[in-house]
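Here's the structure we're looking at; comments come further down.
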Amino acid sequence: MKLSQEEYEQIEDLSAANYGVDKIAMYLSLDKKEFRIDWENLNSLVRHHYDRGQLVADFEINQKLLENARSGNITAAQIFEKNRERVQVENLKEQIYFGTE
């Protein structure tokens, strides 16, 4: 599937806002089945931009949580620590399942 740079940026923005694959296809007026096939291919540009949009949003949220935690916001510190523990568990699972190189 060949898309414009603007469409790839829209995929990033929509995935950052937690829109699902089918909703993004509908928003862009694309064939849902074809879009989903591209999204399922982990090496496609569609999947790259979808995942990048979520990553950028996660970073921005975590960055703000960190700033708030450093300024003394206890709730932000608790959420930040919970996220840190979740990521550590995910990393351990990946290491167990996929090993290290």
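Going through the structure tokens in order, the chains are called A, B, and so on, while each chain numbers its residues from 1 and the ligands are numbered from 1 in the order shown.
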Polymer residues at most 9 Å from Tyr8 (chain A), only C-alpha atoms, same-chain spacing of 4 or more positions, as number ranges by chain: A: 3-4, 12-13, 45-46, 49-50
Could you please take those selected residues and save C-alpha atoms as a PDB file, in the first residue's frame?
ATOM      1  CA  LEU A   3       0.522   6.316   1.047  1.00  0.00           C
ATOM      2  CA  SER A   4       1.620   9.937   1.117  1.00  0.00           C
ATOM      3  CA  GLU A  12       0.891   8.459  13.755  1.00  0.00           C
ATOM      4  CA  ASP A  13      -1.457  11.123  15.118  1.00  0.00           C
ATOM      5  CA  LEU A  45       5.512   1.491   6.742  1.00  0.00           C
ATOM      6  CA  VAL A  46       1.921   1.445   7.982  1.00  0.00           C
ATOM      7  CA  HIS A  49       4.098   4.763  11.666  1.00  0.00           C
ATOM      8  CA  TYR A  50       1.303   3.243  13.764  1.00  0.00           C
TER       9      TYR A  50
END
So that I can see what lies close to Val21 (chain A), please list as number ranges by chain the residues with an atom at most 9 Å from it, counting only C-alpha atoms and leaving out residues fewer than 4 positions away in the same chain. A: 15, 25-26, 32, 35-36, 39, 50
Selection above as a file: all heavy atoms, as an mmCIF file, in the first residue's frame:
data_model
loop_
_atom_site.group_PDB
_atom_site.id
_atom_site.type_symbol
_atom_site.label_atom_id
_atom_site.label_comp_id
_atom_site.auth_asym_id
_atom_site.auth_seq_id
_atom_site.Cartn_x
_atom_site.Cartn_y
_atom_site.Cartn_z
ATOM 1 N N SER A 15 -3.007 6.979 15.861
ATOM 2 C CA SER A 15 -2.626 5.898 16.775
ATOM 3 C C SER A 15 -2.203 6.472 18.125
ATOM 4 O O SER A 15 -2.470 5.866 19.162
ATOM 5 C CB SER A 15 -1.523 5.021 16.182
ATOM 6 O OG SER A 15 -0.278 5.681 16.168
ATOM 7 N N ALA A 25 -8.217 3.371 9.075
ATOM 8 C CA ALA A 25 -8.505 3.099 7.657
ATOM 9 C C ALA A 25 -9.738 3.873 7.219
ATOM 10 O O ALA A 25 -9.749 4.477 6.137
ATOM 11 C CB ALA A 25 -8.696 1.605 7.435
ATOM 12 N N MET A 26 -10.765 3.870 8.053
ATOM 13 C CA MET A 26 -11.982 4.594 7.714
ATOM 14 C C MET A 26 -11.715 6.096 7.628
ATOM 15 O O MET A 26 -12.169 6.768 6.698
ATOM 16 C CB MET A 26 -13.067 4.326 8.767
ATOM 17 C CG MET A 26 -14.400 4.983 8.445
ATOM 18 S SD MET A 26 -15.623 4.797 9.753
ATOM 19 C CE MET A 26 -15.777 3.021 9.817
ATOM 20 N N LYS A 32 -10.338 -1.222 4.432
ATOM 21 C CA LYS A 32 -9.981 -1.734 5.757
ATOM 22 C C LYS A 32 -9.160 -3.017 5.682
ATOM 23 O O LYS A 32 -8.190 -3.183 6.404
ATOM 24 C CB LYS A 32 -11.236 -1.987 6.588
ATOM 25 C CG LYS A 32 -11.906 -0.750 7.088
ATOM 26 C CD LYS A 32 -13.114 -1.121 7.929
ATOM 27 C CE LYS A 32 -13.893 0.121 8.318
ATOM 28 N NZ LYS A 32 -15.065 -0.206 9.132
ATOM 29 N N PHE A 35 -5.627 -2.258 4.441
ATOM 30 C CA PHE A 35 -4.902 -1.514 5.475
ATOM 31 C C PHE A 35 -4.492 -2.447 6.611
ATOM 32 O O PHE A 35 -3.370 -2.406 7.090
ATOM 33 C CB PHE A 35 -5.765 -0.370 6.006
ATOM 34 C CG PHE A 35 -5.034 0.557 6.930
ATOM 35 C CD1 PHE A 35 -4.178 1.531 6.439
ATOM 36 C CD2 PHE A 35 -5.205 0.460 8.301
ATOM 37 C CE1 PHE A 35 -3.505 2.389 7.291
ATOM 38 C CE2 PHE A 35 -4.542 1.312 9.168
ATOM 39 C CZ PHE A 35 -3.689 2.280 8.661
ATOM 40 N N ARG A 36 -5.422 -3.313 7.026
ATOM 41 C CA ARG A 36 -5.129 -4.250 8.114
ATOM 42 C C ARG A 36 -4.021 -5.225 7.713
ATOM 43 O O ARG A 36 -3.151 -5.555 8.519
ATOM 44 C CB ARG A 36 -6.369 -5.017 8.535
ATOM 45 C CG ARG A 36 -6.109 -5.966 9.697
ATOM 46 C CD ARG A 36 -7.367 -6.509 10.316
ATOM 47 N NE ARG A 36 -8.053 -5.521 11.119
ATOM 48 C CZ ARG A 36 -7.685 -5.212 12.364
ATOM 49 N NH1 ARG A 36 -6.641 -5.792 12.915
ATOM 50 N NH2 ARG A 36 -8.362 -4.327 13.052
ATOM 51 N N TRP A 39 -0.902 -3.406 8.131
ATOM 52 C CA TRP A 39 -0.636 -3.203 9.554
ATOM 53 C C TRP A 39 -0.116 -4.482 10.208
ATOM 54 O O TRP A 39 0.761 -4.428 11.077
ATOM 55 C CB TRP A 39 -1.908 -2.717 10.244
ATOM 56 C CG TRP A 39 -1.735 -2.528 11.713
ATOM 57 C CD1 TRP A 39 -1.200 -1.439 12.339
ATOM 58 C CD2 TRP A 39 -2.080 -3.456 12.737
ATOM 59 N NE1 TRP A 39 -1.194 -1.641 13.697
ATOM 60 C CE2 TRP A 39 -1.738 -2.869 13.972
ATOM 61 C CE3 TRP A 39 -2.656 -4.725 12.737
ATOM 62 C CZ2 TRP A 39 -1.942 -3.513 15.189
ATOM 63 C CZ3 TRP A 39 -2.862 -5.355 13.949
ATOM 64 C CH2 TRP A 39 -2.511 -4.754 15.151
ATOM 65 N N TYR A 50 2.282 3.515 12.715
ATOM 66 C CA TYR A 50 1.303 3.243 13.764
ATOM 67 C C TYR A 50 2.020 3.082 15.107
ATOM 68 O O TYR A 50 1.663 3.719 16.095
ATOM 69 C CB TYR A 50 0.509 1.975 13.422
ATOM 70 C CG TYR A 50 -0.579 1.667 14.417
ATOM 71 C CD1 TYR A 50 -1.859 2.167 14.246
ATOM 72 C CD2 TYR A 50 -0.326 0.864 15.524
ATOM 73 C CE1 TYR A 50 -2.871 1.886 15.165
ATOM 74 C CE2 TYR A 50 -1.325 0.590 16.448
ATOM 75 C CZ TYR A 50 -2.595 1.096 16.256
ATOM 76 O OH TYR A 50 -3.582 0.822 17.166
#
Go through A:Leu42, A:Ile74, A:Ile24, A:Ile37 one by one, measure the shortest atom-to-atom distance of each to Gln10 (chain A) using only C-alpha atoms, and give the residue with the smallest value. A:Ile24
If we count only C-alpha atoms, what is near region 57-59 of chain A at a cut-off of 10 Å, once residues fewer than 2 positions away on the same chain are taken out, given as a ChimeraX atom specification? /A:12-13,15-18,52-55,61-65
Residues as selected, all heavy atoms, written as a short mmCIF file (atom, residue, chain, number, x, y, z; two decimals), in the first residue's frame, can you do that?
data_model
loop_
_atom_site.label_atom_id
_atom_site.label_comp_id
_atom_site.auth_asym_id
_atom_site.auth_seq_id
_atom_site.Cartn_x
_atom_site.Cartn_y
_atom_site.Cartn_z
N GLU A 12 0.20 8.24 12.48
CA GLU A 12 0.89 8.46 13.76
C GLU A 12 0.01 9.23 14.73
O GLU A 12 -0.11 8.87 15.91
CB GLU A 12 2.20 9.21 13.53
CG GLU A 12 3.26 8.37 12.86
CD GLU A 12 4.58 9.10 12.71
OE1 GLU A 12 4.82 10.12 13.42
OE2 GLU A 12 5.41 8.65 11.89
N ASP A 13 -0.61 10.30 14.25
CA ASP A 13 -1.46 11.12 15.12
C ASP A 13 -2.66 10.33 15.64
O ASP A 13 -3.01 10.43 16.82
CB ASP A 13 -1.94 12.37 14.37
CG ASP A 13 -0.83 13.35 14.07
OD1 ASP A 13 0.24 13.27 14.70
OD2 ASP A 13 -1.03 14.21 13.18
N SER A 15 -3.01 6.98 15.86
CA SER A 15 -2.63 5.90 16.77
C SER A 15 -2.20 6.47 18.13
O SER A 15 -2.47 5.87 19.16
CB SER A 15 -1.52 5.02 16.18
OG SER A 15 -0.28 5.68 16.17
N ALA A 16 -1.60 7.66 18.12
CA ALA A 16 -1.24 8.32 19.38
C ALA A 16 -2.48 8.63 20.20
O ALA A 16 -2.44 8.64 21.43
CB ALA A 16 -0.45 9.59 19.10
N ALA A 17 -3.59 8.89 19.52
CA ALA A 17 -4.85 9.20 20.19
C ALA A 17 -5.68 7.93 20.46
O ALA A 17 -6.87 8.01 20.74
CB ALA A 17 -5.65 10.19 19.35
N ASN A 18 -5.04 6.77 20.33
CA ASN A 18 -5.63 5.46 20.64
C ASN A 18 -6.75 5.04 19.68
O ASN A 18 -7.66 4.32 20.08
CB ASN A 18 -6.12 5.40 22.09
CG ASN A 18 -4.98 5.42 23.06
OD1 ASN A 18 -3.94 4.83 22.82
ND2 ASN A 18 -5.15 6.14 24.15
N ARG A 52 5.07 4.03 15.87
CA ARG A 52 5.77 5.27 16.21
C ARG A 52 4.83 6.27 16.86
O ARG A 52 5.19 6.94 17.83
CB ARG A 52 6.41 5.88 14.97
CG ARG A 52 7.27 7.08 15.29
CD ARG A 52 7.95 7.65 14.05
NE ARG A 52 8.89 8.69 14.43
CZ ARG A 52 8.55 9.92 14.81
NH1 ARG A 52 7.28 10.28 14.86
NH2 ARG A 52 9.46 10.81 15.15
N GLY A 53 3.62 6.37 16.36
CA GLY A 53 2.64 7.28 16.95
C GLY A 53 2.37 6.94 18.40
O GLY A 53 2.32 7.84 19.26
N GLN A 54 2.21 5.66 18.69
CA GLN A 54 1.98 5.25 20.07
C GLN A 54 3.20 5.50 20.95
O GLN A 54 3.08 5.93 22.09
CB GLN A 54 1.57 3.78 20.12
CG GLN A 54 0.19 3.56 19.53
CD GLN A 54 -0.32 2.15 19.75
OE1 GLN A 54 0.45 1.20 19.77
NE2 GLN A 54 -1.62 2.03 19.89
N LEU A 55 4.38 5.24 20.40
CA LEU A 55 5.61 5.44 21.15
C LEU A 55 5.80 6.92 21.49
O LEU A 55 6.15 7.26 22.63
CB LEU A 55 6.82 4.93 20.35
CG LEU A 55 8.19 5.17 20.96
CD1 LEU A 55 8.33 4.40 22.26
CD2 LEU A 55 9.27 4.78 19.98
N ILE A 61 3.71 11.48 27.47
CA ILE A 61 2.99 11.28 28.74
C ILE A 61 3.97 10.95 29.86
O ILE A 61 3.90 11.53 30.95
CB ILE A 61 1.93 10.17 28.58
CG1 ILE A 61 0.81 10.66 27.66
CG2 ILE A 61 1.39 9.72 29.93
CD1 ILE A 61 -0.09 9.56 27.15
N ASN A 62 4.90 10.05 29.60
CA ASN A 62 5.87 9.67 30.63
C ASN A 62 6.80 10.82 30.98
O ASN A 62 7.20 10.97 32.13
CB ASN A 62 6.66 8.44 30.20
CG ASN A 62 5.85 7.17 30.33
OD1 ASN A 62 5.10 7.00 31.28
ND2 ASN A 62 5.99 6.28 29.37
N GLN A 63 7.14 11.63 29.99
CA GLN A 63 7.98 12.80 30.25
C GLN A 63 7.28 13.76 31.20
O GLN A 63 7.87 14.27 32.14
CB GLN A 63 8.33 13.50 28.92
CG GLN A 63 9.35 14.58 29.06
CD GLN A 63 10.73 14.07 29.40
OE1 GLN A 63 11.06 12.89 29.22
NE2 GLN A 63 11.57 14.93 29.92
N LYS A 64 5.98 13.99 30.97
CA LYS A 64 5.20 14.87 31.84
C LYS A 64 5.05 14.26 33.23
O LYS A 64 5.15 14.97 34.23
CB LYS A 64 3.84 15.15 31.21
CG LYS A 64 3.02 16.15 31.96
CD LYS A 64 3.72 17.48 32.15
CE LYS A 64 3.52 18.40 30.99
NZ LYS A 64 4.08 19.74 31.21
N LEU A 65 4.83 12.94 33.29
CA LEU A 65 4.76 12.27 34.59
C LEU A 65 6.06 12.44 35.36
O LEU A 65 6.05 12.72 36.57
CB LEU A 65 4.50 10.77 34.40
CG LEU A 65 3.06 10.30 34.35
CD1 LEU A 65 3.01 8.81 34.00
CD2 LEU A 65 2.34 10.56 35.65
#
DSSP says alpha helix (DSSP H) for which residues of chain A? Put them as number ranges by chain? A: 5-16, 21-27, 32-40, 45-70, 74-98
Work out how far apart CA of Glu7 (chain A) and CA of Lys33 (chain A) are and give it in Å to one decimal.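 Those two atoms sit 17.1 Å apart.
Distances from A:Glu90, A:Asp38, A:Asp22, A:Glu85 to Lys2 (chain A) were compared using only C-alpha atoms, and the smallest one belongs to A:Asp38.
You will find CA of Leu28 (chain A) at 11.3 Å from CA of Glu9 (chain A).
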